[in-house]
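Asks: Handing over model_23.csv, CSV, C-alpha atoms and all ligand atoms.
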```csv
chain,number,residue,atom,x,y,z
A,3,MET,CA,14.2,-21.6,32.5
A,4,LYS,CA,16.9,-19.0,32.3
A,5,ALA,CA,15.9,-15.3,31.9
A,6,LEU,CA,17.6,-12.0,32.2
A,7,ARG,CA,15.8,-9.7,34.6
A,8,TRP,CA,16.2,-6.0,35.4
A,9,HIS,CA,16.3,-5.4,39.1
A,10,GLY,CA,17.7,-1.8,38.9
A,11,PRO,CA,20.2,0.3,37.0
A,12,LYS,CA,23.5,-1.6,36.6
A,13,ASP,CA,21.7,-4.6,38.2
A,14,LEU,CA,20.6,-7.1,35.5
A,15,ARG,CA,20.6,-10.7,36.7
A,16,LEU,CA,20.5,-14.0,34.8
A,17,GLU,CA,18.1,-16.0,36.9
A,18,THR,CA,16.1,-19.2,36.8
A,19,ILE,CA,12.4,-18.5,36.7
A,20,GLU,CA,9.2,-20.4,36.0
A,21,GLU,CA,8.3,-21.1,32.4
A,22,PRO,CA,5.3,-19.0,31.3
A,23,LYS,CA,2.1,-20.8,30.5
A,24,ALA,CA,-0.1,-20.6,27.3
A,25,LEU,CA,-3.0,-18.9,29.1
A,26,PRO,CA,-6.2,-18.0,27.1
A,27,GLY,CA,-5.4,-15.5,24.4
A,28,LYS,CA,-1.6,-16.1,24.7
A,29,VAL,CA,0.9,-17.6,22.4
A,30,LYS,CA,3.9,-19.5,23.9
A,31,ILE,CA,7.0,-19.0,21.9
A,32,LYS,CA,10.5,-20.7,22.1
A,33,VAL,CA,12.8,-17.7,21.5
A,34,GLU,CA,15.4,-18.1,18.8
A,35,TRP,CA,17.2,-14.8,18.7
A,36,CYS,CA,16.8,-11.6,20.6
A,37,GLY,CA,18.6,-8.3,19.8
A,38,ILE,CA,19.9,-5.9,22.4
A,39,CYS,CA,18.3,-2.5,21.8
A,40,GLY,CA,19.5,1.0,22.6
A,41,SER,CA,16.6,1.3,25.1
A,42,ASP,CA,17.8,-1.8,26.8
A,43,LEU,CA,21.2,-0.2,27.3
A,44,HIS,CA,19.5,3.0,28.7
A,45,GLU,CA,17.6,0.9,31.2
A,46,TYR,CA,20.8,-0.8,32.1
A,47,THR,CA,22.9,2.4,32.6
A,48,ALA,CA,20.3,5.0,33.6
A,49,GLY,CA,16.9,3.2,34.1
A,50,PRO,CA,14.1,3.0,34.9
A,51,ILE,CA,12.8,4.7,31.8
A,52,PHE,CA,10.1,2.3,30.5
A,53,ILE,CA,10.4,-0.2,33.3
A,54,PRO,CA,7.8,0.0,36.1
A,55,ALA,CA,10.1,0.2,39.1
A,56,SER,CA,7.7,1.3,41.9
A,57,ASP,CA,4.1,1.2,40.6
A,58,PRO,CA,2.7,-1.7,38.6
A,59,HIS,CA,2.4,-1.1,34.9
A,60,PRO,CA,-1.3,-0.3,34.2
A,61,ILE,CA,-1.7,-2.9,31.5
A,62,THR,CA,0.6,-5.8,32.6
A,63,GLY,CA,0.1,-5.2,36.3
A,64,GLU,CA,3.8,-6.0,36.8
A,65,VAL,CA,6.6,-4.3,38.6
A,66,ALA,CA,10.4,-4.9,38.5
A,67,PRO,CA,12.1,-7.3,38.4
A,68,VAL,CA,11.0,-7.8,34.8
A,69,VAL,CA,12.4,-10.0,32.0
A,70,MET,CA,14.1,-7.9,29.3
A,71,GLY,CA,14.3,-8.2,25.5
A,72,HIS,CA,11.7,-7.0,23.0
A,73,GLU,CA,13.4,-7.6,19.6
A,74,PHE,CA,13.0,-11.3,19.1
A,75,SER,CA,12.0,-14.1,16.8
A,76,GLY,CA,10.9,-17.7,17.6
A,77,ARG,CA,8.8,-20.7,17.1
A,78,VAL,CA,5.3,-21.2,18.5
A,79,VAL,CA,5.2,-24.2,20.8
A,80,GLU,CA,1.7,-23.8,22.2
A,81,THR,CA,-1.4,-21.6,21.9
A,82,GLY,CA,-3.9,-20.7,24.6
A,83,GLU,CA,-7.6,-20.9,24.2
A,84,GLY,CA,-9.1,-18.5,21.7
A,85,VAL,CA,-5.8,-17.9,19.8
A,86,THR,CA,-6.6,-17.6,16.1
A,87,ARG,CA,-3.6,-16.0,14.3
A,88,VAL,CA,-1.0,-18.7,14.7
A,89,GLN,CA,-0.6,-22.4,15.6
A,90,ALA,CA,2.2,-24.5,17.1
A,91,GLY,CA,5.2,-24.8,14.7
A,92,ASP,CA,4.7,-21.3,13.1
A,93,ARG,CA,7.8,-19.2,12.8
A,94,VAL,CA,7.0,-15.7,14.3
A,95,VAL,CA,8.1,-12.3,15.4
A,96,VAL,CA,6.4,-10.3,18.1
A,97,GLU,CA,5.3,-6.7,17.9
A,98,PRO,CA,5.8,-5.9,21.5
A,99,ILE,CA,3.4,-3.1,22.2
A,100,TYR,CA,0.8,-3.2,24.9
A,101,ALA,CA,-2.0,-0.7,24.3
A,102,CYS,CA,-5.2,-0.1,26.3
A,103,GLY,CA,-7.5,0.0,23.3
A,104,LYS,CA,-9.7,2.7,24.9
A,105,CYS,CA,-7.8,6.0,25.1
A,106,GLU,CA,-8.0,8.8,22.6
A,107,ALA,CA,-4.8,7.6,20.8
A,108,CYS,CA,-6.0,4.0,20.7
A,109,ARG,CA,-9.4,5.1,19.3
A,110,LYS,CA,-7.6,6.9,16.5
A,111,GLY,CA,-5.6,3.8,15.7
A,112,LYS,CA,-2.4,5.4,17.0
A,113,TYR,CA,-1.7,2.6,19.5
A,114,ASN,CA,2.0,3.4,19.8
A,115,LEU,CA,0.8,6.7,21.4
A,116,CYS,CA,-1.5,5.0,23.9
A,117,GLU,CA,-1.4,6.8,27.2
A,118,LYS,CA,-0.8,3.4,29.0
A,119,MET,CA,1.6,2.1,26.3
A,120,GLY,CA,4.2,-0.4,27.4
A,121,PHE,CA,6.7,-2.8,25.8
A,122,LEU,CA,6.7,-6.5,26.3
A,123,GLY,CA,10.3,-7.0,27.5
A,124,LEU,CA,10.3,-3.7,29.5
A,125,ALA,CA,6.9,-3.3,31.1
A,126,GLY,CA,6.5,-6.9,32.1
A,127,GLY,CA,4.9,-9.9,30.4
A,128,GLY,CA,8.2,-11.7,30.0
A,129,GLY,CA,10.8,-10.9,27.3
A,130,GLY,CA,13.1,-12.2,24.6
A,131,PHE,CA,16.2,-12.7,26.8
A,132,SER,CA,14.8,-16.0,28.0
A,133,GLU,CA,14.1,-19.5,26.7
A,134,TYR,CA,10.3,-19.1,26.4
A,135,VAL,CA,8.0,-16.1,26.3
A,136,THR,CA,4.2,-15.7,25.9
A,137,ALA,CA,2.8,-12.9,23.9
A,138,GLU,CA,-0.8,-11.7,23.2
A,139,ASP,CA,-2.4,-13.2,20.1
A,140,TYR,CA,-2.6,-9.7,18.5
A,141,MET,CA,1.2,-9.1,18.9
A,142,VAL,CA,2.3,-12.1,16.8
A,143,HIS,CA,3.2,-11.9,13.1
A,144,LYS,CA,4.2,-15.0,11.0
A,145,ILE,CA,7.4,-14.9,9.0
A,146,PRO,CA,8.0,-16.9,5.8
A,147,ASP,CA,10.6,-19.6,5.6
A,148,SER,CA,12.7,-17.3,3.4
A,149,ILE,CA,13.4,-15.0,6.5
A,150,SER,CA,15.8,-16.5,8.9
A,151,TYR,CA,15.3,-16.3,12.7
A,152,GLU,CA,18.3,-13.9,12.8
A,153,GLN,CA,16.7,-11.7,10.2
A,154,GLY,CA,13.4,-11.9,12.2
A,155,ALA,CA,15.1,-10.5,15.3
A,156,LEU,CA,15.7,-7.3,13.2
A,157,VAL,CA,12.0,-6.7,12.4
A,158,GLU,CA,11.3,-4.6,15.5
A,159,PRO,CA,14.1,-2.1,15.2
A,160,SER,CA,13.5,-1.9,11.4
A,161,ALA,CA,9.9,-1.1,12.1
A,162,VAL,CA,11.0,2.1,13.8
A,163,ALA,CA,13.0,3.1,10.8
A,164,LEU,CA,10.3,2.3,8.3
A,165,HIS,CA,7.7,4.2,10.4
A,166,ALA,CA,10.0,7.2,10.4
A,167,VAL,CA,10.3,7.2,6.6
A,168,ARG,CA,6.6,6.5,6.0
A,169,GLN,CA,5.6,9.3,8.3
A,170,SER,CA,7.9,11.7,6.6
A,171,LYS,CA,7.1,13.6,3.3
A,172,LEU,CA,9.8,11.7,1.3
A,173,LYS,CA,8.7,10.9,-2.2
A,174,VAL,CA,10.3,8.5,-4.7
A,175,GLY,CA,13.3,10.3,-6.3
A,176,ASP,CA,13.9,12.7,-3.3
A,177,LYS,CA,17.2,13.4,-1.6
A,178,ALA,CA,17.6,12.6,2.1
A,179,ALA,CA,20.2,13.0,4.8
A,180,VAL,CA,20.5,10.8,7.9
A,181,PHE,CA,22.3,12.4,10.8
A,182,GLY,CA,23.8,9.6,12.9
A,183,ALA,CA,24.6,6.1,11.6
A,184,GLY,CA,24.1,4.1,14.7
A,185,PRO,CA,21.8,1.0,14.6
A,186,ILE,CA,18.6,3.0,13.9
A,187,GLY,CA,20.3,5.4,11.5
A,188,LEU,CA,21.6,2.5,9.4
A,189,LEU,CA,18.1,1.0,9.3
A,190,VAL,CA,16.7,4.4,8.2
A,191,ILE,CA,19.2,4.2,5.3
A,192,GLU,CA,17.7,0.8,4.4
A,193,ALA,CA,14.1,2.2,4.7
A,194,LEU,CA,15.1,5.1,2.5
A,195,LYS,CA,16.5,2.8,-0.2
A,196,ALA,CA,13.2,0.7,0.0
A,197,SER,CA,11.2,4.0,-0.4
A,198,GLY,CA,13.0,5.1,-3.5
A,199,ALA,CA,15.2,7.9,-2.3
A,200,ALA,CA,17.5,9.0,-5.1
A,201,GLU,CA,20.4,10.2,-2.9
A,202,ILE,CA,21.0,9.2,0.7
A,203,TYR,CA,23.6,11.1,2.7
A,204,ALA,CA,24.8,9.8,6.1
A,205,VAL,CA,26.4,12.3,8.4
A,206,GLU,CA,28.6,10.5,10.9
A,207,LEU,CA,31.9,11.0,12.8
A,208,SER,CA,32.8,7.4,13.9
A,209,PRO,CA,35.1,5.6,11.3
A,210,GLU,CA,33.3,2.3,11.9
A,211,ARG,CA,29.8,3.7,11.5
A,212,LYS,CA,30.9,5.6,8.4
A,213,ALA,CA,32.2,2.4,6.9
A,214,LYS,CA,28.9,0.6,7.6
A,215,ALA,CA,26.8,3.5,6.1
A,216,ALA,CA,28.9,3.4,3.0
A,217,GLU,CA,28.6,-0.4,2.8
A,218,LEU,CA,24.8,0.1,2.8
A,219,GLY,CA,25.1,2.5,-0.1
A,220,ALA,CA,24.9,5.9,1.6
A,221,ILE,CA,27.1,8.9,0.6
A,222,VAL,CA,29.0,9.5,3.8
A,223,LEU,CA,29.9,13.0,5.1
A,224,ASP,CA,32.1,13.5,8.1
A,225,PRO,CA,31.4,16.8,10.0
A,226,LYS,CA,35.2,16.9,10.9
A,227,GLU,CA,36.0,17.2,7.2
A,228,PHE,CA,33.2,19.5,6.0
A,229,ASP,CA,30.8,22.1,7.0
A,230,VAL,CA,28.1,19.5,6.4
A,231,VAL,CA,25.3,22.0,6.0
A,232,ALA,CA,27.1,23.9,3.2
A,233,GLU,CA,28.3,20.6,1.7
A,234,LEU,CA,24.8,19.2,1.6
A,235,HIS,CA,23.4,22.4,0.0
A,236,ALA,CA,26.2,22.3,-2.6
A,237,ARG,CA,25.7,18.7,-3.5
A,238,THR,CA,22.0,18.8,-3.6
A,239,ASN,CA,21.4,22.1,-5.3
A,240,GLY,CA,19.8,23.8,-2.3
A,241,GLY,CA,19.3,21.1,0.4
A,242,VAL,CA,17.8,17.7,0.9
A,243,ASP,CA,14.1,17.2,0.9
A,244,VAL,CA,14.0,15.4,4.2
A,245,ALA,CA,16.6,15.2,7.0
A,246,TYR,CA,16.3,12.5,9.7
A,247,GLU,CA,17.8,13.3,13.1
A,248,VAL,CA,19.0,10.1,14.7
A,249,THR,CA,21.7,11.3,17.2
A,250,GLY,CA,19.8,12.9,20.0
A,251,VAL,CA,22.6,15.5,20.2
A,252,PRO,CA,21.2,19.0,20.5
A,253,PRO,CA,23.4,21.0,18.1
A,254,VAL,CA,22.8,18.3,15.4
A,255,LEU,CA,19.1,19.2,15.4
A,256,THR,CA,19.8,22.7,13.9
A,257,GLN,CA,22.3,21.2,11.4
A,258,ALA,CA,19.7,18.7,10.3
A,259,LEU,CA,17.1,21.4,9.9
A,260,GLU,CA,19.4,23.7,8.0
A,261,SER,CA,20.4,21.0,5.6
A,262,THR,CA,16.9,20.8,4.2
A,263,ASN,CA,15.6,22.6,1.1
A,264,ILE,CA,12.9,25.2,0.9
A,265,GLY,CA,9.8,23.5,2.1
A,266,GLY,CA,11.9,20.7,3.4
A,267,GLU,CA,11.2,18.5,6.5
A,268,LEU,CA,13.1,17.6,9.6
A,269,MET,CA,12.0,14.2,10.9
A,270,ILE,CA,13.2,13.6,14.5
A,271,VAL,CA,13.7,9.9,15.2
A,272,SER,CA,15.8,10.1,18.4
A,273,ILE,CA,14.9,10.8,22.0
A,274,PHE,CA,16.6,13.8,23.6
A,275,GLU,CA,17.9,13.9,27.2
A,276,THR,CA,17.9,17.7,27.3
A,277,GLU,CA,16.3,20.7,25.5
A,278,ALA,CA,17.6,21.4,22.0
A,279,PRO,CA,17.0,25.0,21.0
A,280,ILE,CA,16.0,25.9,17.5
A,281,MET,CA,15.8,29.4,16.1
A,282,PRO,CA,12.2,29.5,14.7
A,283,ASN,CA,13.1,31.6,11.8
A,284,ARG,CA,15.0,28.7,10.4
A,285,ILE,CA,11.6,27.0,10.0
A,286,VAL,CA,9.6,30.2,9.1
A,287,MET,CA,11.9,31.7,6.4
A,288,LYS,CA,12.0,28.5,4.4
A,289,GLU,CA,8.5,27.2,5.2
A,290,ARG,CA,10.1,24.0,6.5
A,291,THR,CA,8.3,21.5,8.7
A,292,VAL,CA,9.5,19.7,11.8
A,293,ASN,CA,8.0,16.2,12.5
A,294,GLY,CA,8.7,13.4,14.9
A,295,ILE,CA,7.9,9.7,15.5
A,296,ILE,CA,8.0,7.3,18.4
A,297,GLY,CA,8.1,3.5,17.9
A,298,TYR,CA,5.9,2.3,15.1
A,299,ARG,CA,2.4,1.2,14.2
A,300,ASP,CA,0.9,-1.0,11.5
A,301,VAL,CA,4.3,-1.6,9.8
A,302,PHE,CA,5.4,-5.1,10.8
A,303,PRO,CA,3.9,-6.8,7.7
A,304,ALA,CA,5.6,-4.2,5.4
A,305,VAL,CA,8.9,-4.7,7.1
A,306,ILE,CA,8.6,-8.5,6.7
A,307,SER,CA,7.8,-8.1,3.0
A,308,LEU,CA,10.7,-5.8,2.5
A,309,MET,CA,13.1,-8.2,4.3
A,310,ASP,CA,11.8,-10.9,1.9
A,311,GLN,CA,13.2,-8.6,-0.9
A,312,GLY,CA,16.6,-8.2,0.8
A,313,TYR,CA,16.2,-5.0,2.7
A,314,PHE,CA,17.5,-4.6,6.3
A,315,PRO,CA,20.0,-7.4,5.7
A,316,ALA,CA,21.0,-9.3,8.9
A,317,ASP,CA,24.3,-10.4,7.4
A,318,LYS,CA,25.4,-6.7,7.2
A,319,LEU,CA,23.8,-5.5,10.4
A,320,VAL,CA,24.4,-8.3,12.9
A,321,THR,CA,27.9,-7.8,14.2
A,322,LYS,CA,28.0,-10.3,17.0
A,323,ARG,CA,26.1,-13.4,18.2
A,324,ILE,CA,26.3,-14.6,21.8
A,325,GLY,CA,24.6,-16.9,24.3
A,326,LEU,CA,22.4,-15.8,27.1
A,327,ASP,CA,25.1,-16.7,29.6
A,328,GLU,CA,27.3,-13.9,28.2
A,329,VAL,CA,24.6,-11.3,27.6
A,330,LEU,CA,26.1,-8.9,30.2
A,331,SER,CA,29.8,-9.2,29.5
A,332,GLU,CA,29.8,-9.8,25.8
A,333,GLY,CA,26.5,-8.0,25.0
A,334,PHE,CA,25.6,-4.9,27.1
A,335,GLU,CA,29.1,-4.1,28.2
A,336,THR,CA,30.5,-4.6,24.6
A,337,LEU,CA,27.8,-2.3,23.2
A,338,LEU,CA,28.8,0.4,25.7
A,339,LYS,CA,32.5,0.1,24.7
A,340,GLU,CA,32.6,-0.7,21.0
A,341,LYS,CA,31.3,1.7,18.4
A,342,ASN,CA,31.8,-0.8,15.6
A,343,GLN,CA,29.0,-3.0,16.9
A,344,VAL,CA,25.6,-2.5,15.2
A,345,LYS,CA,23.3,-5.3,16.4
A,346,ILE,CA,24.2,-8.0,18.9
A,347,LEU,CA,21.9,-11.0,18.9
A,348,VAL,CA,21.4,-13.2,21.9
A,349,LYS,CA,20.5,-16.9,21.6
A,350,ALA,CA,18.7,-18.4,24.6
A,351,GLU,CA,19.5,-22.1,25.2
B,401,ZN,ZN,14.1,-1.7,20.6
B,402,ZN,ZN,-4.7,3.4,24.8
```
What is this file in structure tokens?
Replies:
Amino acid sequence: MKALRWHGPKDLRLETIEEPKALPGKVKIKVEWCGICGSDLHEYTAGPIFIPASDPHPITGEVAPVVMGHEFSGRVVETGEGVTRVQAGDRVVVEPIYACGKCEACRKGKYNLCEKMGFLGLAGGGGGFSEYVTAEDYMVHKIPDSISYEQGALVEPSAVALHAVRQSKLKVGDKAAVFGAGPIGLLVIEALKASGAAEIYAVELSPERKAKAAELGAIVLDPKEFDVVAELHARTNGGVDVAYEVTGVPPVLTQALESTNIGGELMIVSIFETEAPIMPNRIVMKERTVNGIIGYRDVFPAVISLMDQGYFPADKLVTKRIGLDEVLSEGFETLLKEKNQVKILVKAE
């Protein structure tokens, strides 16, 4: 079968590899759609980050080259011995987290913080940019017929956004600001709508992303037009209750913090490449809190239910559909060049 494998930075190859087998405890899935994620792009331009390039991953035992793709939907074609959650013919999505089950984080149920944590599609074990993939029984979640396979491919990135909002102190009726309206920022806007935020502000420079945020119902503020901190304080009578930082740009961190109210919260959703200094008095003098999340845990069923109600809509968020043969030229390279792309989905045939 065809599969896209990471051999090194700027070295992804579409290759023919052996089809995976439904070994005991594993579910074999025919992939329908797989999204290209920001972390896939990072592995492409500046990896390895999550990919085991020299030492085998402690859980999968694999080392590069590895098949990429962790945001996918598909149909179960075969189940290995002992599989109980699904059967052949089921429509599914995969929660692609490998966790050891033994470390302190795992024992606390925080499996996304496992010390050996790895992603299927980055750490080995196959991936969604291929015709077939096998996943562990515990990773697989069924989706109802009302959720299309395209929509299903958005469950994984939407889970990040929903986890961010659920871990924040946002309450129904609160005001929120999202700094950065890239793919995850837009999904945070959807998660905020689903969580009952009364006013959602999106702070963004790019005209295309501003338009998308507005289409999803956010009030858009352009930092070129306003002092956004002053503007947010004026519009919300003293600041938002929670600000979500989704840019990874150091100066934005302070802006996001400063845009919050007395006792407000800054929730950091992005990963930073450098230090981002904050004057501690900005936290102390207003008794604000600073929080952060990575990945998700225990939210796939909630995301699937919310999608059934129309949240995280694929028709607004998927901007391009391509075949596996064009994944590099029309997928990875396009995402690096075009800011108007939100999610590009890849179909393996
Ligand atoms: Zn992802
Ligand atoms: Zn663990």
Asks: CA of Glu328 (chain A) and CA of Gly182 (chain A), how far apart in Å?
Replies: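 Separation of CA of Gly182 (chain A) and CA of Glu328 (chain A): 28.3 Å.
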Asks: Counting only C-alpha atoms and all ligand atoms, which protein, DNA or RNA residues come within 7 Å of ligand ZN 402 (chain B), given as an NGL selection string?
Replies: :A and (101-108 or 113 or 116-119)
Asks: Between CA of Lys110 (chain A) and CA of Gly294 (chain A), what distance in Å does the model show, to one decimal?
Replies: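 Pair CA of Lys110 (chain A) / CA of Gly294 (chain A) returns 17.6 Å.
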Asks: Which residue gives the smallest distance to ligand ZN 401 (chain B) among A:Pro252, A:Pro279, A:Gly187, A:Pro159, with all atoms listed in the file counted?
Replies: A:Pro159
Asks: Go through the chains and note each residue within 10 Å of ligand ZN 401 (chain B), using all atoms listed in the file, then give the set as a PDB file with C-alpha atoms, in the coordinates of the input.
Replies:
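Written output follows (out_0.pdb):
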```
ATOM      1  CA  GLY A  37      18.600  -8.300  19.800  1.00  0.00           C
ATOM      2  CA  ILE A  38      19.900  -5.900  22.400  1.00  0.00           C
ATOM      3  CA  CYS A  39      18.300  -2.500  21.800  1.00  0.00           C
ATOM      4  CA  GLY A  40      19.500   1.000  22.600  1.00  0.00           C
ATOM      5  CA  SER A  41      16.600   1.300  25.100  1.00  0.00           C
ATOM      6  CA  ASP A  42      17.800  -1.800  26.800  1.00  0.00           C
ATOM      7  CA  LEU A  43      21.200  -0.200  27.300  1.00  0.00           C
ATOM      8  CA  GLY A  71      14.300  -8.200  25.500  1.00  0.00           C
ATOM      9  CA  HIS A  72      11.700  -7.000  23.000  1.00  0.00           C
ATOM     10  CA  GLU A  73      13.400  -7.600  19.600  1.00  0.00           C
ATOM     11  CA  PHE A  74      13.000 -11.300  19.100  1.00  0.00           C
ATOM     12  CA  PRO A  98       5.800  -5.900  21.500  1.00  0.00           C
ATOM     13  CA  PHE A 121       6.700  -2.800  25.800  1.00  0.00           C
ATOM     14  CA  GLY A 123      10.300  -7.000  27.500  1.00  0.00           C
ATOM     15  CA  LEU A 124      10.300  -3.700  29.500  1.00  0.00           C
ATOM     16  CA  LEU A 156      15.700  -7.300  13.200  1.00  0.00           C
ATOM     17  CA  VAL A 157      12.000  -6.700  12.400  1.00  0.00           C
ATOM     18  CA  GLU A 158      11.300  -4.600  15.500  1.00  0.00           C
ATOM     19  CA  PRO A 159      14.100  -2.100  15.200  1.00  0.00           C
ATOM     20  CA  SER A 160      13.500  -1.900  11.400  1.00  0.00           C
ATOM     21  CA  ALA A 161       9.900  -1.100  12.100  1.00  0.00           C
ATOM     22  CA  VAL A 162      11.000   2.100  13.800  1.00  0.00           C
ATOM     23  CA  ILE A 186      18.600   3.000  13.900  1.00  0.00           C
ATOM     24  CA  GLY A 297       8.100   3.500  17.900  1.00  0.00           C
TER      25      GLY A 297
END
```
Asks: Excluding same-chain residues fewer than 5 positions from region 227-239 of chain A, what lies within 12 Å of it counting all atoms listed in the file, as a short mmCIF file (atom, residue, chain, number, x, y, z; two decimals) with C-alpha atoms, in the coordinates of the input?
Replies:
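Contents of the output file out.cif:
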```cif
data_model
loop_
_atom_site.label_atom_id
_atom_site.label_comp_id
_atom_site.auth_asym_id
_atom_site.auth_seq_id
_atom_site.Cartn_x
_atom_site.Cartn_y
_atom_site.Cartn_z
CA ASP A 176 13.90 12.70 -3.30
CA LYS A 177 17.20 13.40 -1.60
CA ALA A 178 17.60 12.60 2.10
CA ALA A 179 20.20 13.00 4.80
CA VAL A 180 20.50 10.80 7.90
CA PHE A 181 22.30 12.40 10.80
CA ALA A 200 17.50 9.00 -5.10
CA GLU A 201 20.40 10.20 -2.90
CA ILE A 202 21.00 9.20 0.70
CA TYR A 203 23.60 11.10 2.70
CA ALA A 204 24.80 9.80 6.10
CA VAL A 205 26.40 12.30 8.40
CA GLU A 206 28.60 10.50 10.90
CA LEU A 207 31.90 11.00 12.80
CA ILE A 221 27.10 8.90 0.60
CA VAL A 222 29.00 9.50 3.80
CA VAL A 244 14.00 15.40 4.20
CA ALA A 245 16.60 15.20 7.00
CA VAL A 254 22.80 18.30 15.40
CA LEU A 255 19.10 19.20 15.40
CA THR A 256 19.80 22.70 13.90
CA GLN A 257 22.30 21.20 11.40
CA ALA A 258 19.70 18.70 10.30
CA LEU A 259 17.10 21.40 9.90
CA GLU A 260 19.40 23.70 8.00
CA SER A 261 20.40 21.00 5.60
CA THR A 262 16.90 20.80 4.20
CA ASN A 263 15.60 22.60 1.10
CA ILE A 264 12.90 25.20 0.90
#
```
Asks: Smallest atom-to-atom distance to Asp310 (chain A): which of A:Ile149, A:Leu330, A:Met3, A:Ile61, using only C-alpha atoms?
Replies: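 Result for the nearest residue to Asp310 (chain A): A:Ile149.
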Asks: Counting all atoms listed in the file, which residue out of A:Phe131, A:Phe52, A:Tyr151, A:Trp35 sits closest to Leu6 (chain A)?
Replies: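 For Leu6 (chain A), the nearest of the given residues is A:Phe131.
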Asks: With only C-alpha atoms as the atoms that count, which of A:Glu351, A:Asp300, A:Glu275, A:Glu34 lies nearest to Glu152 (chain A)?
Replies: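 The shortest atom-to-atom distance to Glu152 (chain A) comes from A:Glu34.
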